[in-house]
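Trainee: Sharing final-v9.csv here; it has CSV, C-alpha atoms.
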```
chain,number,residue,atom,x,y,z
A,204,MET,CA,-4.8,-49.3,-14.5
A,205,TRP,CA,-2.9,-47.7,-11.5
A,206,ARG,CA,0.1,-47.4,-13.7
A,207,TYR,CA,-1.8,-44.7,-15.7
A,208,PHE,CA,-4.0,-43.3,-13.0
A,209,LEU,CA,-1.3,-42.4,-10.5
A,210,PRO,CA,1.0,-40.2,-12.7
A,211,ILE,CA,-2.1,-38.4,-14.0
A,212,ALA,CA,-3.4,-37.8,-10.5
A,213,PHE,CA,0.0,-36.7,-9.3
A,214,PHE,CA,0.2,-34.3,-12.3
A,215,VAL,CA,-3.2,-32.8,-11.6
A,216,LEU,CA,-2.3,-32.3,-7.9
A,217,LEU,CA,0.9,-30.6,-8.9
A,218,VAL,CA,-0.9,-28.3,-11.4
A,219,GLY,CA,-3.4,-27.5,-8.6
A,220,PHE,CA,-0.6,-26.4,-6.3
A,221,PHE,CA,1.1,-24.3,-9.0
A,222,LEU,CA,-2.2,-22.6,-9.9
A,223,ARG,CA,-2.7,-21.7,-6.2
A,224,GLY,CA,0.9,-20.6,-5.8
A,225,LEU,CA,0.8,-18.4,-8.9
A,226,SER,CA,-2.2,-16.5,-7.6
A,227,LEU,CA,-0.6,-15.7,-4.3
A,228,ASP,CA,1.7,-12.7,-3.8
A,229,PRO,CA,4.7,-13.8,-1.7
A,230,SER,CA,5.5,-10.2,-0.8
A,231,GLU,CA,2.1,-10.0,1.1
A,232,ILE,CA,2.7,-11.3,4.6
A,233,PRO,CA,-0.3,-11.3,6.9
A,234,SER,CA,0.2,-9.0,9.8
A,235,PRO,CA,0.1,-10.5,13.3
A,236,LEU,CA,-1.1,-7.1,14.5
A,237,LEU,CA,-4.7,-7.6,13.1
A,238,GLY,CA,-7.2,-7.6,15.9
A,239,LYS,CA,-4.6,-6.4,18.4
A,240,PRO,CA,-4.1,-3.0,20.0
A,241,ALA,CA,-1.9,-0.7,17.8
A,242,PRO,CA,1.7,-0.5,19.1
A,243,ALA,CA,1.9,2.8,21.0
A,244,PHE,CA,4.2,5.5,19.7
A,245,GLU,CA,4.7,9.2,20.0
A,246,LEU,CA,6.8,11.0,17.4
A,247,PRO,CA,7.6,14.6,16.5
A,248,SER,CA,5.1,16.0,13.9
A,249,LEU,CA,6.4,16.7,10.4
A,250,ASP,CA,4.5,20.0,10.2
A,251,ASP,CA,5.6,21.2,13.6
A,252,PRO,CA,8.4,19.2,15.2
A,253,ALA,CA,7.6,20.9,18.5
A,254,SER,CA,4.3,19.0,18.7
A,255,THR,CA,3.8,15.2,18.6
A,256,VAL,CA,1.8,12.7,16.7
A,257,GLY,CA,1.0,9.2,18.0
A,258,THR,CA,-1.4,6.6,19.1
A,259,ASP,CA,-2.9,9.1,21.6
A,260,THR,CA,-3.6,11.6,18.8
A,261,MET,CA,-5.3,8.9,16.7
A,262,LYS,CA,-7.4,7.4,19.5
A,263,GLY,CA,-11.1,8.1,19.6
A,264,LYS,CA,-11.7,7.9,15.9
A,265,VAL,CA,-11.5,5.4,13.1
A,266,ALA,CA,-8.4,6.4,11.2
A,267,LEU,CA,-5.9,5.4,8.6
A,268,LEU,CA,-2.2,5.2,9.3
A,269,ASN,CA,-0.1,5.4,6.1
A,270,VAL,CA,3.6,4.5,6.1
A,271,TRP,CA,5.4,6.6,3.5
A,272,GLY,CA,8.7,8.3,2.5
A,273,THR,CA,9.9,10.5,-0.3
A,274,TRP,CA,12.3,7.7,-1.4
A,275,CYS,CA,9.4,5.3,-2.0
A,276,GLY,CA,8.1,5.2,-5.5
A,277,GLY,CA,4.9,3.4,-4.6
A,278,CYS,CA,4.1,6.2,-2.1
A,279,ARG,CA,4.2,8.8,-4.9
A,280,GLN,CA,2.1,6.4,-7.0
A,281,GLU,CA,-0.7,6.2,-4.3
A,282,HIS,CA,-0.5,9.9,-3.3
A,283,ASP,CA,-3.4,10.9,-5.5
A,284,THR,CA,-5.5,8.1,-4.0
A,285,LEU,CA,-4.7,9.3,-0.5
A,286,MET,CA,-5.7,12.9,-1.5
A,287,ALA,CA,-9.0,11.5,-2.9
A,288,ILE,CA,-9.6,9.5,0.3
A,289,ALA,CA,-8.9,12.6,2.4
A,290,ALA,CA,-11.3,14.6,0.3
A,291,THR,CA,-14.2,12.1,1.1
A,292,GLY,CA,-13.8,13.1,4.7
A,293,GLU,CA,-14.7,9.6,5.9
A,294,VAL,CA,-11.6,8.9,7.9
A,295,PRO,CA,-8.7,11.1,9.0
A,296,ILE,CA,-5.3,9.9,7.5
A,297,TYR,CA,-2.2,10.0,9.6
A,298,GLY,CA,1.2,9.5,8.2
A,299,LEU,CA,4.3,7.7,9.4
A,300,ASN,CA,7.2,9.3,7.6
A,301,TRP,CA,9.6,6.4,7.6
A,302,LYS,CA,13.4,6.9,7.5
A,303,ASP,CA,13.1,10.1,5.5
A,304,ASP,CA,14.6,13.5,5.3
A,305,PRO,CA,12.0,15.8,6.9
A,306,ALA,CA,12.8,18.7,4.7
A,307,ALA,CA,12.3,16.6,1.5
A,308,ALA,CA,9.1,15.2,3.0
A,309,ARG,CA,7.7,18.6,3.7
A,310,GLU,CA,8.6,19.7,0.1
A,311,MET,CA,6.9,16.6,-1.4
A,312,LEU,CA,3.7,17.4,0.5
A,313,ARG,CA,3.9,21.1,-0.5
A,314,GLN,CA,4.2,20.1,-4.2
A,315,MET,CA,1.8,17.1,-4.3
A,316,GLY,CA,-0.7,18.2,-1.6
A,317,ASN,CA,-1.0,17.0,1.9
A,318,PRO,CA,-3.6,14.2,2.6
A,319,TYR,CA,-2.4,13.8,6.2
A,320,VAL,CA,-4.0,15.3,9.3
A,321,ALA,CA,-0.4,14.9,10.6
A,322,SER,CA,2.7,12.8,10.0
A,323,GLY,CA,5.1,11.5,12.6
A,324,ILE,CA,8.8,11.6,11.8
A,325,ASP,CA,10.2,8.1,12.3
A,326,ALA,CA,13.8,9.0,11.6
A,327,ASP,CA,15.5,5.7,12.7
A,328,GLY,CA,12.6,3.4,11.8
A,329,ARG,CA,12.0,2.1,15.4
A,330,VAL,CA,8.3,2.7,15.3
A,331,ALA,CA,8.0,1.1,11.9
A,332,ILE,CA,9.6,-2.1,13.4
A,333,ASP,CA,7.0,-2.1,16.2
A,334,TRP,CA,4.3,-2.0,13.5
A,335,GLY,CA,5.9,-4.8,11.6
A,336,VAL,CA,6.5,-2.5,8.6
A,337,TYR,CA,8.8,-4.0,6.0
A,338,GLY,CA,8.1,-2.1,2.8
A,339,ALA,CA,6.4,1.2,2.2
A,340,PRO,CA,3.7,2.0,1.3
A,341,GLU,CA,1.7,0.2,4.0
A,342,THR,CA,-1.6,1.3,5.3
A,343,PHE,CA,-3.4,0.4,8.5
A,344,LEU,CA,-7.0,0.9,9.4
A,345,LEU,CA,-7.5,1.6,13.1
A,346,ALA,CA,-10.7,1.4,15.2
A,347,ALA,CA,-11.6,4.2,17.6
A,348,ASP,CA,-10.3,2.1,20.5
A,349,GLY,CA,-6.9,1.8,18.8
A,350,THR,CA,-7.3,-1.8,17.5
A,351,VAL,CA,-5.7,-2.6,14.2
A,352,ILE,CA,-8.5,-3.7,11.9
A,353,TYR,CA,-6.9,-4.1,8.5
A,354,LYS,CA,-3.5,-3.7,6.8
A,355,TYR,CA,-2.9,-3.1,3.1
A,356,ILE,CA,0.6,-3.7,1.7
A,357,GLY,CA,1.6,-1.8,-1.5
A,358,PRO,CA,0.2,1.3,-3.3
A,359,LEU,CA,-3.4,1.9,-2.7
A,360,ASN,CA,-5.9,2.7,-5.4
A,361,PHE,CA,-9.4,4.1,-5.1
A,362,GLY,CA,-11.0,0.8,-5.9
A,363,ILE,CA,-9.3,-0.9,-2.9
A,364,TRP,CA,-10.4,2.0,-0.7
A,365,GLN,CA,-14.0,1.7,-1.9
A,366,GLN,CA,-14.3,-2.1,-2.0
A,367,GLU,CA,-12.1,-3.2,1.0
A,368,ILE,CA,-11.3,-0.4,3.3
A,369,LEU,CA,-14.4,1.8,3.3
A,370,PRO,CA,-16.8,-0.9,4.3
A,371,LEU,CA,-14.6,-1.9,7.2
A,372,ALA,CA,-14.2,1.7,8.2
A,373,LEU,CA,-18.0,2.3,8.2
A,374,GLN,CA,-18.6,-0.9,10.2
A,375,ALA,CA,-16.0,0.3,12.7
A,376,LYS,CA,-17.7,3.7,12.9
A,377,GLU,CA,-21.0,2.1,13.7
A,378,GLN,CA,-19.5,0.0,16.5
A,379,GLN,CA,-17.9,3.2,17.9
A,380,PRO,CA,-19.3,4.0,21.3
B,6,MET,CA,41.3,-36.8,-20.3
B,7,ILE,CA,43.2,-36.9,-17.0
B,8,ARG,CA,44.4,-33.3,-17.4
B,9,ASN,CA,40.8,-32.3,-18.0
B,10,LEU,CA,39.8,-34.1,-14.8
B,11,ALA,CA,42.6,-32.5,-12.8
B,12,ALA,CA,41.5,-29.1,-14.1
B,13,ARG,CA,37.9,-29.8,-13.0
B,14,VAL,CA,39.0,-30.9,-9.5
B,15,PHE,CA,41.1,-27.8,-9.2
B,16,ALA,CA,38.3,-25.5,-10.3
B,17,THR,CA,35.9,-27.2,-7.8
B,18,LEU,CA,38.4,-26.8,-5.0
B,19,ALA,CA,38.9,-23.1,-5.9
B,20,ILE,CA,35.2,-22.4,-5.8
B,21,ALA,CA,34.7,-24.3,-2.6
B,22,GLY,CA,37.6,-22.4,-1.1
B,23,PHE,CA,36.1,-19.1,-2.2
B,24,PHE,CA,32.8,-19.8,-0.4
B,25,ALA,CA,34.5,-21.3,2.7
B,26,SER,CA,36.3,-18.0,3.1
B,27,GLY,CA,32.9,-16.2,3.2
B,28,VAL,CA,33.6,-14.6,6.6
B,29,VAL,CA,36.0,-12.3,4.9
B,30,PHE,CA,33.2,-11.0,2.7
B,31,ALA,CA,30.6,-10.8,5.4
B,32,ILE,CA,27.8,-8.3,4.7
B,33,ASP,CA,27.4,-7.3,8.4
B,34,SER,CA,30.1,-4.6,8.9
B,35,SER,CA,29.1,-3.8,12.5
B,36,GLU,CA,31.5,-4.2,15.3
B,37,GLU,CA,31.9,-7.5,17.1
B,38,PHE,CA,30.7,-8.0,20.6
B,39,GLU,CA,33.4,-8.0,23.3
B,40,ASP,CA,32.0,-11.3,24.6
B,41,PRO,CA,32.6,-14.1,22.1
B,42,LYS,CA,29.5,-16.0,23.5
B,43,MET,CA,27.3,-13.0,22.8
B,44,GLN,CA,28.8,-12.7,19.3
B,45,ALA,CA,28.0,-16.3,18.6
B,46,ARG,CA,24.4,-15.8,19.8
B,47,TYR,CA,24.2,-12.7,17.6
B,48,GLU,CA,25.4,-14.6,14.6
B,49,LYS,CA,23.1,-17.5,15.2
B,50,LEU,CA,20.0,-15.3,15.7
B,51,THR,CA,20.6,-13.1,12.6
B,52,ALA,CA,21.2,-16.2,10.5
B,53,GLU,CA,17.7,-17.6,11.6
B,54,LEU,CA,15.7,-14.5,11.0
B,55,ARG,CA,14.3,-13.8,7.6
B,56,CYS,CA,14.8,-10.4,5.9
B,57,LEU,CA,11.2,-9.6,4.8
B,58,VAL,CA,12.2,-7.3,1.9
B,59,CYS,CA,14.5,-9.8,0.3
B,60,GLN,CA,12.7,-13.0,1.4
B,61,ASN,CA,15.2,-15.6,0.5
B,62,GLN,CA,17.9,-14.0,2.6
B,63,THR,CA,18.5,-13.9,6.4
B,64,ILE,CA,19.0,-10.6,8.0
B,65,ALA,CA,22.6,-11.5,8.4
B,66,ASP,CA,22.9,-11.9,4.6
B,67,SER,CA,21.2,-8.8,3.5
B,68,ASN,CA,22.1,-5.1,3.3
B,69,ALA,CA,18.5,-4.0,2.8
B,70,GLY,CA,17.6,-1.1,5.1
B,71,LEU,CA,15.2,-3.3,7.1
B,72,ALA,CA,17.8,-6.0,7.6
B,73,VAL,CA,20.3,-3.4,8.9
B,74,ASP,CA,17.6,-2.1,11.3
B,75,LEU,CA,16.7,-5.5,12.5
B,76,ARG,CA,20.4,-6.4,13.1
B,77,ARG,CA,20.7,-3.2,15.1
B,78,GLU,CA,17.6,-4.1,17.1
B,79,THR,CA,18.9,-7.6,17.7
B,80,ARG,CA,22.2,-6.2,18.9
B,81,GLN,CA,20.6,-3.8,21.3
B,82,MET,CA,18.3,-6.5,22.8
B,83,LEU,CA,21.3,-8.7,23.3
B,84,LEU,CA,23.1,-5.9,25.1
B,85,ASP,CA,20.0,-5.3,27.2
B,86,GLY,CA,20.3,-8.9,28.4
B,87,LYS,CA,17.3,-10.3,26.5
B,88,THR,CA,17.3,-14.1,26.0
B,89,ASP,CA,17.3,-15.6,22.5
B,90,ASP,CA,13.6,-16.6,22.9
B,91,GLU,CA,12.6,-13.1,23.9
B,92,ILE,CA,14.3,-11.7,20.8
B,93,ARG,CA,12.6,-14.3,18.6
B,94,THR,CA,9.2,-13.5,20.3
B,95,PHE,CA,9.8,-9.8,19.7
B,96,MET,CA,10.3,-10.4,15.9
B,97,VAL,CA,7.3,-12.8,15.7
B,98,GLU,CA,5.0,-10.4,17.5
B,99,ARG,CA,5.8,-7.8,14.8
B,100,TYR,CA,6.3,-9.8,11.6
B,101,GLY,CA,4.6,-13.1,12.3
B,102,ASN,CA,6.1,-16.6,12.1
B,103,PHE,CA,7.2,-15.8,8.6
B,104,VAL,CA,10.2,-14.0,10.0
B,105,LEU,CA,11.5,-17.3,11.4
B,106,TYR,CA,13.5,-19.6,9.1
B,107,ARG,CA,12.6,-22.3,11.6
B,108,PRO,CA,8.9,-21.8,12.2
B,109,PRO,CA,7.1,-23.6,15.1
B,110,VAL,CA,4.9,-26.6,14.4
B,111,ASP,CA,1.3,-25.5,14.2
B,112,SER,CA,-1.7,-26.2,12.0
B,113,ASN,CA,-0.2,-24.0,9.3
B,114,THR,CA,3.2,-25.5,9.2
B,115,LEU,CA,2.2,-29.1,9.9
B,116,LEU,CA,2.5,-30.1,6.2
B,117,LEU,CA,5.9,-28.3,6.0
B,118,TRP,CA,7.3,-30.2,9.0
B,119,GLY,CA,5.6,-33.4,8.0
B,120,ALA,CA,6.6,-33.4,4.4
B,121,PRO,CA,10.0,-35.1,4.8
B,122,ALA,CA,8.4,-38.0,6.8
B,123,ILE,CA,5.5,-38.3,4.3
B,124,LEU,CA,7.9,-38.3,1.3
B,125,LEU,CA,10.1,-40.8,3.0
B,126,LEU,CA,7.1,-43.0,3.7
B,127,GLY,CA,5.9,-42.7,0.1
B,128,GLY,CA,9.3,-43.5,-1.2
B,129,ALA,CA,9.6,-46.5,1.1
B,130,ILE,CA,6.2,-47.8,0.0
B,131,ALA,CA,7.1,-47.4,-3.7
B,132,ALA,CA,10.4,-49.1,-3.2
B,133,ALA,CA,8.8,-52.0,-1.3
B,134,VAL,CA,6.2,-52.5,-4.0
B,135,VAL,CA,8.9,-52.5,-6.8
B,136,ILE,CA,11.2,-54.8,-4.9
B,137,ARG,CA,8.4,-57.2,-4.2
B,138,ARG,CA,7.4,-57.3,-7.8
B,139,ARG,CA,10.9,-57.8,-9.0
B,140,THR,CA,11.6,-60.6,-6.5
B,141,GLY,CA,8.7,-62.5,-7.9
B,142,MET,CA,10.0,-62.2,-11.5
B,143,LYS,CA,11.3,-65.3,-13.3
B,144,PHE,CA,14.9,-65.7,-14.4
B,145,ASP,CA,14.2,-65.7,-18.1
B,146,ASP,CA,13.4,-62.0,-17.6
B,147,GLU,CA,16.0,-59.7,-19.1
B,148,GLU,CA,17.0,-58.0,-15.8
B,149,GLY,CA,17.0,-61.3,-14.0
B,150,ASP,CA,19.5,-62.6,-16.5
B,151,GLU,CA,21.8,-59.7,-16.1
B,152,LEU,CA,21.8,-60.1,-12.3
B,153,SER,CA,22.6,-63.8,-12.4
B,154,HIS,CA,25.4,-63.0,-14.9
B,155,GLU,CA,27.0,-60.6,-12.5
B,156,GLU,CA,26.5,-63.0,-9.6
B,157,SER,CA,28.3,-65.8,-11.5
B,158,ASN,CA,31.2,-63.4,-12.2
B,159,ALA,CA,31.6,-62.4,-8.6
```
Give the structure from this file in structure tokens form.
Mentor:
Amino acid sequence: MWRYFLPIAFFVLLVGFFLRGLSLDPSEIPSPLLGKPAPAFELPSLDDPASTVGTDTMKGKVALLNVWGTWCGGCRQEHDTLMAIAATGEVPIYGLNWKDDPAAAREMLRQMGNPYVASGIDADGRVAIDWGVYGAPETFLLAADGTVIYKYIGPLNFGIWQQEILPLALQAKEQQP
Amino acid sequence: MIRNLAARVFATLAIAGFFASGVVFAIDSSEEFEDPKMQARYEKLTAELRCLVCQNQTIADSNAGLAVDLRRETRQMLLDGKTDDEIRTFMVERYGNFVLYRPPVDSNTLLLWGAPAILLLGGAIAAAVVIRRRTGMKFDDEEGDELSHEESNA
């Protein structure tokens, strides 16, 4: 009896593990920042390098921080979604222009439209390291008090915005003092 | 047959030699530290930290942009006099325990750390059961015959 039952039980267990493993995306690593205060930064603004963008600029409102670069294919892919989110007017979108050429970045926004209230120039990637960024595009949802509520890794689409991010954003807005 | 064997041994040694000389082909082209102790710490740390873009490589092994940045960050922290633990904590605060190739034991990694012991125990139990069963077998059994044949030869 055991002779037959054990191998079958073992096989079923293994199949269970494989099914679970196949449905996970190994490139999605949970951020240790969730629920914690956003790492402070202050960077020159892409539109006007004389002014700065940073955690102080974003404080006081529920906002999105989107990590992007002209070299990043997924960022171009999600650009239309960002434009659509910006058009809803629900949350301001800030950009972190990661290890990019500012001239090329400005040109891309001129051609494809600019969904960002402002973008900070993170030329050497130091701020990205503080935020635990490892692959653009990445998008963070921040509460008004500067807490990181949510992180999405990979190109956004409007469905993810509506189903996952918007409800959290609305909830955060309600809790806003 | 013997020539064939010699050729195989030679090929194996050649391949082993190639990998053993890996230092020559090191990815990390940055300058060495003046202090050899610090260089050793740098090499140990970068070999323990995972490159998150290319997940099966350490940041010492990879030339991905992020790996280069994290090596630079590690180097700077060493020069600033940070301890190894402080540098590891810095990485974990940003990228989570996933960045460590040797994650700490907690509820998430208990199975990972316990697996060798569990497998060893399972193997030992299976071995014990099989050995006990075989010990009880009679000598007219095929395997029993072979064993006694060997024994009489010895």
Trainee: Starting from chain A, keep only residues with some atom at most 10 Å from an atom of chain B, counting all atoms listed in the file, and report them as a PyMOL selection string.
Mentor: chain A and resi 229-236+242+302+327-329+331-338
Trainee: So how many Å separate atom CA of Glu281 of chain A and atom CA of Ser226 of chain A, to one decimal?
Mentor: 23.0 Å
Trainee: I'd like to know which of B:Leu124, B:Thr114, B:Ile92, B:Met142 is closest to Leu50 of chain B, using all atoms listed in the file.
Mentor: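 Using all atoms listed in the file, Leu50 of chain B sits closest to B:Ile92.
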Trainee: State, in Å with one decimal place, the distance from atom CA of Gly298 of chain A to atom CA of Ile324 of chain A.
Mentor: 8.7 Å
Trainee: For Ala306 of chain A, work out the shell of residues within 12 Å, counting only C-alpha atoms and skipping chain neighbours fewer than 6 positions away, then give it as a list of chain:residue names.
Mentor: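 So the residues in contact are A:Leu249, A:Asp250, A:Asp251, A:Pro252, A:Gly272, A:Thr273, A:Asn300, A:Leu312, A:Arg313, A:Ile324, A:Ala326.
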Trainee: Take the point (-5.4, -3.3, 2.6) as written in the file and pick out every residue within 12 Å of it, counting only C-alpha atoms; give the list as a PyMOL selection string.
Mentor: chain A and resi 231-234+237+267-269+340-345+351-372
Trainee: Determine, counting all atoms listed in the file, which protein, DNA and RNA residues have an atom within 10 Å of an atom of segment 35-37 of chain B; residues of the same chain fewer than 6 positions away are not included. Present the result as a ChimeraX atom specification.
Mentor: /B:43-45,47-48,73,76-77,80
Trainee: In Å, rounded to a single decimal, give me how far atom CA of Gly127 of chain B is from atom CA of Leu222 of chain A.
Mentor: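 Separating atom CA of Leu222 of chain A from atom CA of Gly127 of chain B is a distance of 23.9 Å.
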Trainee: Hey, what's within 10 Å of Met286 of chain A if we count all atoms listed in the file and toss same-chain stuff fewer than 2 positions away? As a PyMOL selection string, please?
Mentor: chain A and resi 281-284+288-291+296+315-319
Trainee: Mind writing segment 270-280 of chain A to a file for me, with all heavy atoms, as a PDB file, in the first residue's frame?
Mentor:
```pdb
ATOM      1  N   VAL A 270       9.890  55.786 -12.000  1.00  0.00           N
ATOM      2  CA  VAL A 270      11.303  55.739 -12.384  1.00  0.00           C
ATOM      3  C   VAL A 270      11.380  55.421 -13.874  1.00  0.00           C
ATOM      4  O   VAL A 270      10.855  54.418 -14.328  1.00  0.00           O
ATOM      5  CB  VAL A 270      12.050  54.650 -11.584  1.00  0.00           C
ATOM      6  CG1 VAL A 270      13.530  54.662 -11.932  1.00  0.00           C
ATOM      7  CG2 VAL A 270      11.850  54.847 -10.088  1.00  0.00           C
ATOM      8  N   TRP A 271      12.048  56.310 -14.615  1.00  0.00           N
ATOM      9  CA  TRP A 271      12.059  56.121 -16.069  1.00  0.00           C
ATOM     10  C   TRP A 271      13.388  56.576 -16.667  1.00  0.00           C
ATOM     11  O   TRP A 271      14.230  57.195 -16.021  1.00  0.00           O
ATOM     12  CB  TRP A 271      10.899  56.896 -16.710  1.00  0.00           C
ATOM     13  CG  TRP A 271      11.018  58.402 -16.606  1.00  0.00           C
ATOM     14  CD1 TRP A 271      10.830  59.154 -15.489  1.00  0.00           C
ATOM     15  CD2 TRP A 271      11.355  59.320 -17.649  1.00  0.00           C
ATOM     16  NE1 TRP A 271      11.019  60.487 -15.768  1.00  0.00           N
ATOM     17  CE2 TRP A 271      11.342  60.617 -17.097  1.00  0.00           C
ATOM     18  CE3 TRP A 271      11.666  59.167 -19.004  1.00  0.00           C
ATOM     19  CZ2 TRP A 271      11.642  61.763 -17.842  1.00  0.00           C
ATOM     20  CZ3 TRP A 271      11.953  60.315 -19.745  1.00  0.00           C
ATOM     21  CH2 TRP A 271      11.938  61.588 -19.154  1.00  0.00           C
ATOM     22  N   GLY A 272      13.550  56.242 -17.953  1.00  0.00           N
ATOM     23  CA  GLY A 272      14.719  56.667 -18.706  1.00  0.00           C
ATOM     24  C   GLY A 272      14.433  56.481 -20.185  1.00  0.00           C
ATOM     25  O   GLY A 272      13.605  55.637 -20.546  1.00  0.00           O
ATOM     26  N   THR A 273      15.095  57.238 -21.012  1.00  0.00           N
ATOM     27  CA  THR A 273      14.831  57.104 -22.453  1.00  0.00           C
ATOM     28  C   THR A 273      15.372  55.781 -22.986  1.00  0.00           C
ATOM     29  O   THR A 273      14.931  55.286 -24.015  1.00  0.00           O
ATOM     30  CB  THR A 273      15.499  58.244 -23.251  1.00  0.00           C
ATOM     31  OG1 THR A 273      16.888  58.266 -22.896  1.00  0.00           O
ATOM     32  CG2 THR A 273      14.887  59.581 -22.924  1.00  0.00           C
ATOM     33  N   TRP A 274      16.355  55.203 -22.263  1.00  0.00           N
ATOM     34  CA  TRP A 274      16.984  53.953 -22.676  1.00  0.00           C
ATOM     35  C   TRP A 274      16.121  52.747 -22.338  1.00  0.00           C
ATOM     36  O   TRP A 274      16.472  51.617 -22.657  1.00  0.00           O
ATOM     37  CB  TRP A 274      18.348  53.806 -21.997  1.00  0.00           C
ATOM     38  CG  TRP A 274      18.279  54.107 -20.529  1.00  0.00           C
ATOM     39  CD1 TRP A 274      18.516  55.324 -19.931  1.00  0.00           C
ATOM     40  CD2 TRP A 274      17.913  53.221 -19.473  1.00  0.00           C
ATOM     41  NE1 TRP A 274      18.316  55.244 -18.574  1.00  0.00           N
ATOM     42  CE2 TRP A 274      17.949  53.952 -18.271  1.00  0.00           C
ATOM     43  CE3 TRP A 274      17.570  51.870 -19.416  1.00  0.00           C
ATOM     44  CZ2 TRP A 274      17.645  53.398 -17.035  1.00  0.00           C
ATOM     45  CZ3 TRP A 274      17.272  51.315 -18.181  1.00  0.00           C
ATOM     46  CH2 TRP A 274      17.309  52.079 -17.011  1.00  0.00           C
ATOM     47  N   CYS A 275      14.997  52.994 -21.638  1.00  0.00           N
ATOM     48  CA  CYS A 275      14.215  51.877 -21.084  1.00  0.00           C
ATOM     49  C   CYS A 275      12.978  51.638 -21.936  1.00  0.00           C
ATOM     50  O   CYS A 275      12.096  52.490 -22.041  1.00  0.00           O
ATOM     51  CB  CYS A 275      13.907  52.196 -19.625  1.00  0.00           C
ATOM     52  SG  CYS A 275      12.314  51.733 -18.990  1.00  0.00           S
ATOM     53  N   GLY A 276      12.930  50.483 -22.588  1.00  0.00           N
ATOM     54  CA  GLY A 276      11.829  50.168 -23.501  1.00  0.00           C
ATOM     55  C   GLY A 276      10.482  50.124 -22.809  1.00  0.00           C
ATOM     56  O   GLY A 276       9.497  50.648 -23.323  1.00  0.00           O
ATOM     57  N   GLY A 277      10.449  49.521 -21.608  1.00  0.00           N
ATOM     58  CA  GLY A 277       9.210  49.420 -20.857  1.00  0.00           C
ATOM     59  C   GLY A 277       8.638  50.780 -20.499  1.00  0.00           C
ATOM     60  O   GLY A 277       7.419  50.936 -20.342  1.00  0.00           O
ATOM     61  N   CYS A 278       9.523  51.781 -20.361  1.00  0.00           N
ATOM     62  CA  CYS A 278       9.067  53.127 -20.006  1.00  0.00           C
ATOM     63  C   CYS A 278       8.312  53.757 -21.175  1.00  0.00           C
ATOM     64  O   CYS A 278       7.299  54.426 -20.988  1.00  0.00           O
ATOM     65  CB  CYS A 278      10.247  54.013 -19.628  1.00  0.00           C
ATOM     66  SG  CYS A 278      11.218  53.337 -18.278  1.00  0.00           S
ATOM     67  N   ARG A 279       8.820  53.531 -22.384  1.00  0.00           N
ATOM     68  CA  ARG A 279       8.118  54.045 -23.576  1.00  0.00           C
ATOM     69  C   ARG A 279       6.779  53.343 -23.714  1.00  0.00           C
ATOM     70  O   ARG A 279       5.779  53.949 -24.078  1.00  0.00           O
ATOM     71  CB  ARG A 279       8.960  53.813 -24.831  1.00  0.00           C
ATOM     72  CG  ARG A 279      10.173  54.726 -24.876  1.00  0.00           C
ATOM     73  CD  ARG A 279      11.118  54.361 -25.995  1.00  0.00           C
ATOM     74  NE  ARG A 279      12.317  55.175 -25.925  1.00  0.00           N
ATOM     75  CZ  ARG A 279      12.449  56.364 -26.505  1.00  0.00           C
ATOM     76  NH1 ARG A 279      11.464  56.865 -27.211  1.00  0.00           N
ATOM     77  NH2 ARG A 279      13.565  57.055 -26.387  1.00  0.00           N
ATOM     78  N   GLN A 280       6.812  52.024 -23.378  1.00  0.00           N
ATOM     79  CA  GLN A 280       5.598  51.216 -23.469  1.00  0.00           C
ATOM     80  C   GLN A 280       4.504  51.748 -22.547  1.00  0.00           C
ATOM     81  O   GLN A 280       3.334  51.766 -22.905  1.00  0.00           O
ATOM     82  CB  GLN A 280       5.969  49.787 -23.094  1.00  0.00           C
ATOM     83  CG  GLN A 280       4.931  48.743 -23.412  1.00  0.00           C
ATOM     84  CD  GLN A 280       5.359  47.396 -22.851  1.00  0.00           C
ATOM     85  OE1 GLN A 280       6.549  47.048 -22.846  1.00  0.00           O
ATOM     86  NE2 GLN A 280       4.407  46.620 -22.379  1.00  0.00           N
TER      87      GLN A 280
END
```
